[in-house]
>>> print(open('run_1.csv').read())   # CSV, C-alpha atoms
chain,number,residue,atom,x,y,z
A,1,VAL,CA,0.0,0.0,0.0
A,2,GLN,CA,1.6,3.3,-1.1
A,3,ASP,CA,-0.5,5.6,1.0
A,4,ALA,CA,-1.4,4.2,4.4
A,5,ALA,CA,-2.4,7.4,6.2
A,6,SER,CA,-6.0,6.2,6.3
A,7,ASP,CA,-4.9,2.9,8.0
A,8,ARG,CA,-3.1,4.6,10.9
A,9,ASP,CA,-4.6,5.4,14.3
A,10,PRO,CA,-3.3,8.5,16.2
A,11,ASP,CA,-3.2,6.3,19.4
A,12,GLU,CA,-0.3,4.4,17.9
A,13,PHE,CA,1.9,7.5,18.1
A,14,ASP,CA,3.3,9.9,20.9
A,15,ALA,CA,3.9,12.8,18.6
A,16,LEU,CA,3.5,14.0,15.0
A,17,LEU,CA,6.6,15.4,13.2
A,18,ILE,CA,6.1,17.1,9.9
A,19,PRO,CA,9.4,17.7,8.0
A,20,GLY,CA,9.9,20.5,5.5
A,21,GLY,CA,11.1,20.6,1.9
A,22,TYR,CA,8.5,20.4,-0.8
A,23,SER,CA,6.8,17.3,0.6
A,24,PRO,CA,4.2,19.3,2.5
A,25,ASP,CA,3.1,20.9,-0.8
A,26,HIS,CA,2.2,17.3,-1.9
A,27,LEU,CA,0.9,16.0,1.5
A,28,ARG,CA,-1.6,18.9,1.8
A,29,MET,CA,-3.4,17.6,-1.3
A,30,ASP,CA,-3.9,14.1,0.2
A,31,ARG,CA,-7.2,14.0,2.0
A,32,ASP,CA,-6.2,11.0,4.1
A,33,VAL,CA,-3.1,12.8,5.3
A,34,VAL,CA,-5.0,15.9,6.2
A,35,ALA,CA,-7.7,13.8,8.0
A,36,PHE,CA,-4.9,12.1,9.9
A,37,VAL,CA,-3.4,15.4,11.0
A,38,LEU,CA,-6.9,16.5,12.2
A,39,ASP,CA,-7.5,13.3,14.0
A,40,PHE,CA,-4.1,13.5,15.6
A,41,SER,CA,-4.7,17.1,16.8
A,42,ALA,CA,-7.8,15.9,18.7
A,43,THR,CA,-5.5,13.8,21.0
A,44,GLY,CA,-3.7,17.0,22.2
A,45,LYS,CA,-0.3,15.3,21.7
A,46,PRO,CA,2.6,17.3,20.3
A,47,ILE,CA,2.6,18.3,16.6
A,48,ALA,CA,6.0,19.5,15.4
A,49,ALA,CA,6.6,21.1,12.0
A,50,VAL,CA,9.7,22.7,10.5
A,51,CYS,CA,10.4,24.8,7.4
A,52,HIS,CA,7.5,24.2,4.9
A,53,GLY,CA,5.9,21.7,7.3
A,54,PRO,CA,3.4,24.2,8.7
A,55,GLN,CA,1.7,24.3,5.2
A,56,LEU,CA,0.1,21.0,6.3
A,57,LEU,CA,-1.2,22.7,9.5
A,58,ILE,CA,-2.7,25.5,7.3
A,59,GLU,CA,-4.5,22.8,5.3
A,60,ALA,CA,-5.9,21.3,8.5
A,61,ASP,CA,-6.8,24.7,9.8
A,62,LEU,CA,-4.8,24.2,13.0
A,63,VAL,CA,-2.9,27.5,13.2
A,64,ARG,CA,-5.8,30.0,13.8
A,65,GLY,CA,-4.9,32.1,16.9
A,66,LYS,CA,-1.6,30.2,17.4
A,67,GLN,CA,1.9,31.5,17.6
A,68,VAL,CA,4.0,29.7,15.0
A,69,THR,CA,7.1,30.1,12.8
A,70,SER,CA,8.2,28.6,9.5
A,71,TRP,CA,10.4,29.0,6.4
A,72,PRO,CA,10.0,32.6,5.4
A,73,SER,CA,8.1,31.9,2.2
A,74,VAL,CA,5.2,30.4,4.3
A,75,ARG,CA,4.9,33.4,6.7
A,76,ARG,CA,2.2,35.3,4.7
A,77,ASP,CA,0.2,32.1,4.2
A,78,LEU,CA,0.3,31.3,8.0
A,79,GLU,CA,-0.7,34.9,8.9
A,80,ASN,CA,-3.6,34.7,6.4
A,81,ALA,CA,-4.7,31.5,8.1
A,82,GLY,CA,-5.0,33.3,11.4
A,83,ALA,CA,-1.6,32.6,13.0
A,84,VAL,CA,0.8,35.0,14.7
A,85,TRP,CA,4.2,34.5,13.0
A,86,VAL,CA,7.2,34.8,15.2
A,87,ASP,CA,10.9,35.0,14.0
A,88,ARG,CA,12.5,32.6,16.6
A,89,GLU,CA,14.4,29.3,16.3
A,90,VAL,CA,11.6,27.4,18.0
A,91,VAL,CA,8.0,28.5,18.9
A,92,ILE,CA,6.0,26.5,21.3
A,93,ASP,CA,2.2,27.0,21.5
A,94,ASP,CA,0.7,23.7,22.7
A,95,PRO,CA,0.3,21.4,21.0
A,96,LEU,CA,2.3,23.0,18.1
A,97,ILE,CA,6.1,23.2,18.0
A,98,THR,CA,7.5,25.0,15.0
A,99,SER,CA,10.9,26.0,13.6
A,100,ARG,CA,12.1,28.0,10.7
A,101,LYS,CA,15.0,26.2,9.0
A,102,PRO,CA,17.7,23.4,9.2
A,103,ASP,CA,19.9,25.6,11.5
A,104,ASP,CA,17.0,25.5,14.1
A,105,LEU,CA,16.9,21.7,14.3
A,106,GLY,CA,18.8,21.5,17.6
A,107,ALA,CA,16.3,23.8,19.4
A,108,PHE,CA,13.4,22.1,17.5
A,109,SER,CA,14.5,18.6,18.6
A,110,ASP,CA,15.1,19.7,22.2
A,111,ALA,CA,11.6,21.2,22.3
A,112,LEU,CA,10.0,18.1,20.9
A,113,LEU,CA,11.9,15.8,23.3
A,114,SER,CA,10.9,18.0,26.3
A,115,ALA,CA,7.3,17.8,25.3
A,116,LEU,CA,7.6,14.0,25.2
A,117,ARG,CA,9.0,13.7,28.7
B,118,VAL,CA,23.7,41.6,-11.8
B,119,GLN,CA,21.9,38.5,-10.6
B,120,ASP,CA,18.6,40.1,-9.5
B,121,ALA,CA,17.6,43.0,-11.7
B,122,ALA,CA,13.9,43.2,-10.6
B,123,SER,CA,14.7,46.5,-8.9
B,124,ASP,CA,16.1,47.9,-12.2
B,125,ARG,CA,13.0,47.2,-14.3
B,126,ASP,CA,10.2,49.6,-15.0
B,127,PRO,CA,6.6,48.2,-15.5
B,128,ASP,CA,6.3,50.6,-18.5
B,129,GLU,CA,8.7,48.4,-20.4
B,130,PHE,CA,6.3,45.5,-20.5
B,131,ASP,CA,2.8,44.8,-21.9
B,132,ALA,CA,2.0,42.0,-19.4
B,133,LEU,CA,3.4,40.1,-16.5
B,134,LEU,CA,3.5,36.3,-16.8
B,135,ILE,CA,4.3,34.3,-13.6
B,136,PRO,CA,5.2,30.6,-14.3
B,137,GLY,CA,4.7,27.8,-11.8
B,138,GLY,CA,6.9,25.1,-10.3
B,139,TYR,CA,8.7,25.9,-7.1
B,140,SER,CA,10.2,29.3,-8.4
B,141,PRO,CA,7.3,31.3,-6.9
B,142,ASP,CA,8.2,29.9,-3.5
B,143,HIS,CA,11.6,31.6,-3.9
B,144,LEU,CA,10.4,34.7,-5.7
B,145,ARG,CA,7.9,35.6,-3.0
B,146,MET,CA,10.8,36.0,-0.6
B,147,ASP,CA,12.5,38.6,-2.8
B,148,ARG,CA,11.3,42.1,-1.8
B,149,ASP,CA,12.4,43.6,-5.2
B,150,VAL,CA,10.3,41.0,-7.1
B,151,VAL,CA,7.3,41.5,-4.9
B,152,ALA,CA,7.7,45.3,-5.2
B,153,PHE,CA,7.8,44.9,-9.0
B,154,VAL,CA,4.6,42.9,-9.1
B,155,LEU,CA,2.9,45.6,-7.0
B,156,ASP,CA,4.2,48.4,-9.2
B,157,PHE,CA,3.1,46.4,-12.3
B,158,SER,CA,-0.4,45.9,-10.9
B,159,ALA,CA,-0.7,49.7,-10.6
B,160,THR,CA,-0.6,49.9,-14.4
B,161,GLY,CA,-3.7,47.8,-14.8
B,162,LYS,CA,-2.0,45.7,-17.5
B,163,PRO,CA,-2.6,41.9,-17.5
B,164,ILE,CA,-1.0,39.7,-14.9
B,165,ALA,CA,-1.1,36.0,-15.7
B,166,ALA,CA,-0.1,33.2,-13.3
B,167,VAL,CA,-0.3,29.4,-13.6
B,168,CYS,CA,0.1,26.5,-11.2
B,169,HIS,CA,2.1,27.8,-8.1
B,170,GLY,CA,2.4,31.3,-9.8
B,171,PRO,CA,-0.5,32.8,-7.7
B,172,GLN,CA,1.7,32.4,-4.6
B,173,LEU,CA,3.4,35.5,-5.7
B,174,LEU,CA,0.0,37.3,-6.1
B,175,ILE,CA,-0.7,36.3,-2.4
B,176,GLU,CA,2.6,37.8,-1.3
B,177,ALA,CA,1.7,41.1,-3.1
B,178,ASP,CA,-1.9,40.9,-1.7
B,179,LEU,CA,-3.5,41.2,-5.1
B,180,VAL,CA,-6.1,38.4,-4.9
B,181,ARG,CA,-8.4,39.8,-2.2
B,182,GLY,CA,-12.0,39.7,-3.6
B,183,LYS,CA,-10.8,38.3,-6.9
B,184,GLN,CA,-11.8,35.0,-8.7
B,185,VAL,CA,-8.7,32.9,-9.3
B,186,THR,CA,-7.5,29.4,-9.9
B,187,SER,CA,-4.2,27.6,-9.2
B,188,TRP,CA,-2.4,24.3,-8.6
B,189,PRO,CA,-4.7,22.6,-6.0
B,190,SER,CA,-2.1,22.8,-3.2
B,191,VAL,CA,-2.3,26.6,-3.4
B,192,ARG,CA,-6.1,26.7,-3.1
B,193,ARG,CA,-6.4,27.1,0.6
B,194,ASP,CA,-3.7,29.8,0.7
B,195,LEU,CA,-5.6,31.8,-2.0
B,196,GLU,CA,-8.9,31.5,-0.1
B,197,ASN,CA,-7.2,32.5,3.1
B,198,ALA,CA,-5.9,35.6,1.2
B,199,GLY,CA,-9.4,36.6,0.3
B,200,ALA,CA,-9.8,35.1,-3.1
B,201,VAL,CA,-12.6,33.0,-4.5
B,202,TRP,CA,-11.1,29.8,-5.9
B,203,VAL,CA,-12.6,28.4,-9.1
B,204,ASP,CA,-12.0,25.0,-10.6
B,205,ARG,CA,-11.7,26.0,-14.3
B,206,GLU,CA,-8.9,25.8,-16.9
B,207,VAL,CA,-8.6,29.6,-17.0
B,208,VAL,CA,-10.2,32.2,-14.8
B,209,ILE,CA,-10.2,35.8,-15.9
B,210,ASP,CA,-10.8,38.6,-13.4
B,211,ASP,CA,-9.1,41.7,-14.7
B,212,PRO,CA,-6.2,42.2,-14.5
B,213,LEU,CA,-5.7,38.7,-13.3
B,214,ILE,CA,-5.6,35.6,-15.6
B,215,THR,CA,-4.9,32.3,-13.8
B,216,SER,CA,-4.8,28.7,-14.7
B,217,ARG,CA,-4.4,25.4,-12.7
B,218,LYS,CA,-1.8,23.2,-14.5
B,219,PRO,CA,0.2,22.4,-17.6
B,220,ASP,CA,-2.9,20.9,-19.3
B,221,ASP,CA,-4.5,24.3,-19.1
B,222,LEU,CA,-1.7,26.1,-21.0
B,223,GLY,CA,-3.7,26.3,-24.3
B,224,ALA,CA,-6.6,28.1,-22.7
B,225,PHE,CA,-4.2,30.2,-20.5
B,226,SER,CA,-2.2,31.4,-23.5
B,227,ASP,CA,-5.3,32.2,-25.5
B,228,ALA,CA,-6.7,34.3,-22.6
B,229,LEU,CA,-3.4,36.2,-22.3
B,230,LEU,CA,-3.1,36.8,-26.0
B,231,SER,CA,-6.7,38.0,-26.1
B,232,ALA,CA,-6.0,40.5,-23.3
B,233,LEU,CA,-3.0,41.8,-25.3
B,234,ARG,CA,-5.0,42.5,-28.4
>>> encode(input="run_1.csv", output="structure tokens")
Amino acid sequence: VQDAASDRDPDEFDALLIPGGYSPDHLRMDRDVVAFVLDFSATGKPIAAVCHGPQLLIEADLVRGKQVTSWPSVRRDLENAGAVWVDREVVIDDPLITSRKPDDLGAFSDALLSALR
Amino acid sequence: VQDAASDRDPDEFDALLIPGGYSPDHLRMDRDVVAFVLDFSATGKPIAAVCHGPQLLIEADLVRGKQVTSWPSVRRDLENAGAVWVDREVVIDDPLITSRKPDDLGAFSDALLSALR
């Protein structure tokens, strides 16, 4: 099975990590993936996204009223989706953990690991 | 000079054509490019964008209240920017001409050529 998002149960996982690059541009068009992100958000467990990853959070309408960060090209789209965009290496607004770019991965990983403790 | 957008004058051109792919994701982070798009829009001359091209129109805040189309991954971002997204091979809402995908390029080119006549 190529796309198994519809077969997964959020209860199987402790956190959701959305990497960047151009994959979120594809993932946001997959209804099963967006539905999984929505189901996962209902658990209240951490959702971490870096670089272009927050595009998937826009698609699931999870950023409204939340503080977030991202790769700079996604800033305007996040603001238009109702988020407050912050220029910081990691922004924590439970359950969301977001970072801007590869250089932020240390702080990003630390924040996610802390949330899992 | 690698980036000459700041040296260009909208009066030199009859229309602005924004291609798709991932280049709009880069172009929208270039202040000079976004400023040129804004300056160009002030002329009222046609602005045509296809696939991911409308991302640059979001960045310049030119889609509010306009009917547009795009590659499907950009739909939500356009709607959040105030646009009405339409699923049609070409959508004309002066001065904007937008199309969804490579298959639409015939109708897209015809619309742009008509606007230039």
>>> closest_residue(input="run_1.csv", among="B:Glu176, B:Asp149, B:Asp221, B:Asp204", to="chain A", atoms="only C-alpha atoms")
B:Glu176
>>> residues_around(input="run_1.csv", residues="Gly65 (chain A)", least_positions_apart="5", cutoff="7 Å", atoms="all atoms listed in the file", output="list in words")
Gly82, Ala83 and Val84 of chain A
>>> closest_atom_pairs(input="run_1.csv", of="chain A", to="chain B", cutoff="8 Å", atoms="only C-alpha atoms", output="JSON lines")
{"residue": "A:Asp25", "atom": "CA", "partner": "B:Ser190", "partner_atom": "CA", "distance": 6.0}
{"residue": "A:His26", "atom": "CA", "partner": "B:Ser190", "partner_atom": "CA", "distance": 7.1}
{"residue": "A:Arg28", "atom": "CA", "partner": "B:Ser190", "partner_atom": "CA", "distance": 6.4}
{"residue": "A:Met29", "atom": "CA", "partner": "B:Ser190", "partner_atom": "CA", "distance": 5.7}
{"residue": "A:Ile58", "atom": "CA", "partner": "B:Arg193", "partner_atom": "CA", "distance": 7.8}
{"residue": "A:Glu59", "atom": "CA", "partner": "B:Arg193", "partner_atom": "CA", "distance": 6.6}
{"residue": "A:Pro72", "atom": "CA", "partner": "B:Met146", "partner_atom": "CA", "distance": 6.9}
{"residue": "A:Ser73", "atom": "CA", "partner": "B:Met146", "partner_atom": "CA", "distance": 5.7}
{"residue": "A:Arg76", "atom": "CA", "partner": "B:Glu176", "partner_atom": "CA", "distance": 6.5}
{"residue": "A:Asp77", "atom": "CA", "partner": "B:Asp194", "partner_atom": "CA", "distance": 5.7}
{"residue": "A:Asn80", "atom": "CA", "partner": "B:Asn197", "partner_atom": "CA", "distance": 5.4}
{"residue": "A:Ala81", "atom": "CA", "partner": "B:Asn197", "partner_atom": "CA", "distance": 5.7}
>>> closest_residue(input="run_1.csv", among="A:Val90, A:Leu16, A:Leu57, A:Val68", to="Thr43 (chain A)", atoms="only C-alpha atoms")
A:Leu16
>>> atom_distance(input="run_1.csv", atom1="CA of Leu105 (chain A)", atom2="CA of Val63 (chain A)")
20.7 Å
>>> atom_distance(input="run_1.csv", atom1="CA of Ser231 (chain B)", atom2="CA of Leu213 (chain B)")
12.9 Å
>>> atom_distance(input="run_1.csv", atom1="CA of Leu116 (chain A)", atom2="CA of Pro19 (chain A)")
17.7 Å
>>> residues_around(input="run_1.csv", residues="Cys51 (chain A)", least_positions_apart="4", cutoff="6 Å", atoms="only C-alpha atoms", output="list in words")
Gly20, Ser70, Trp71, Arg100 and Lys101 of chain A
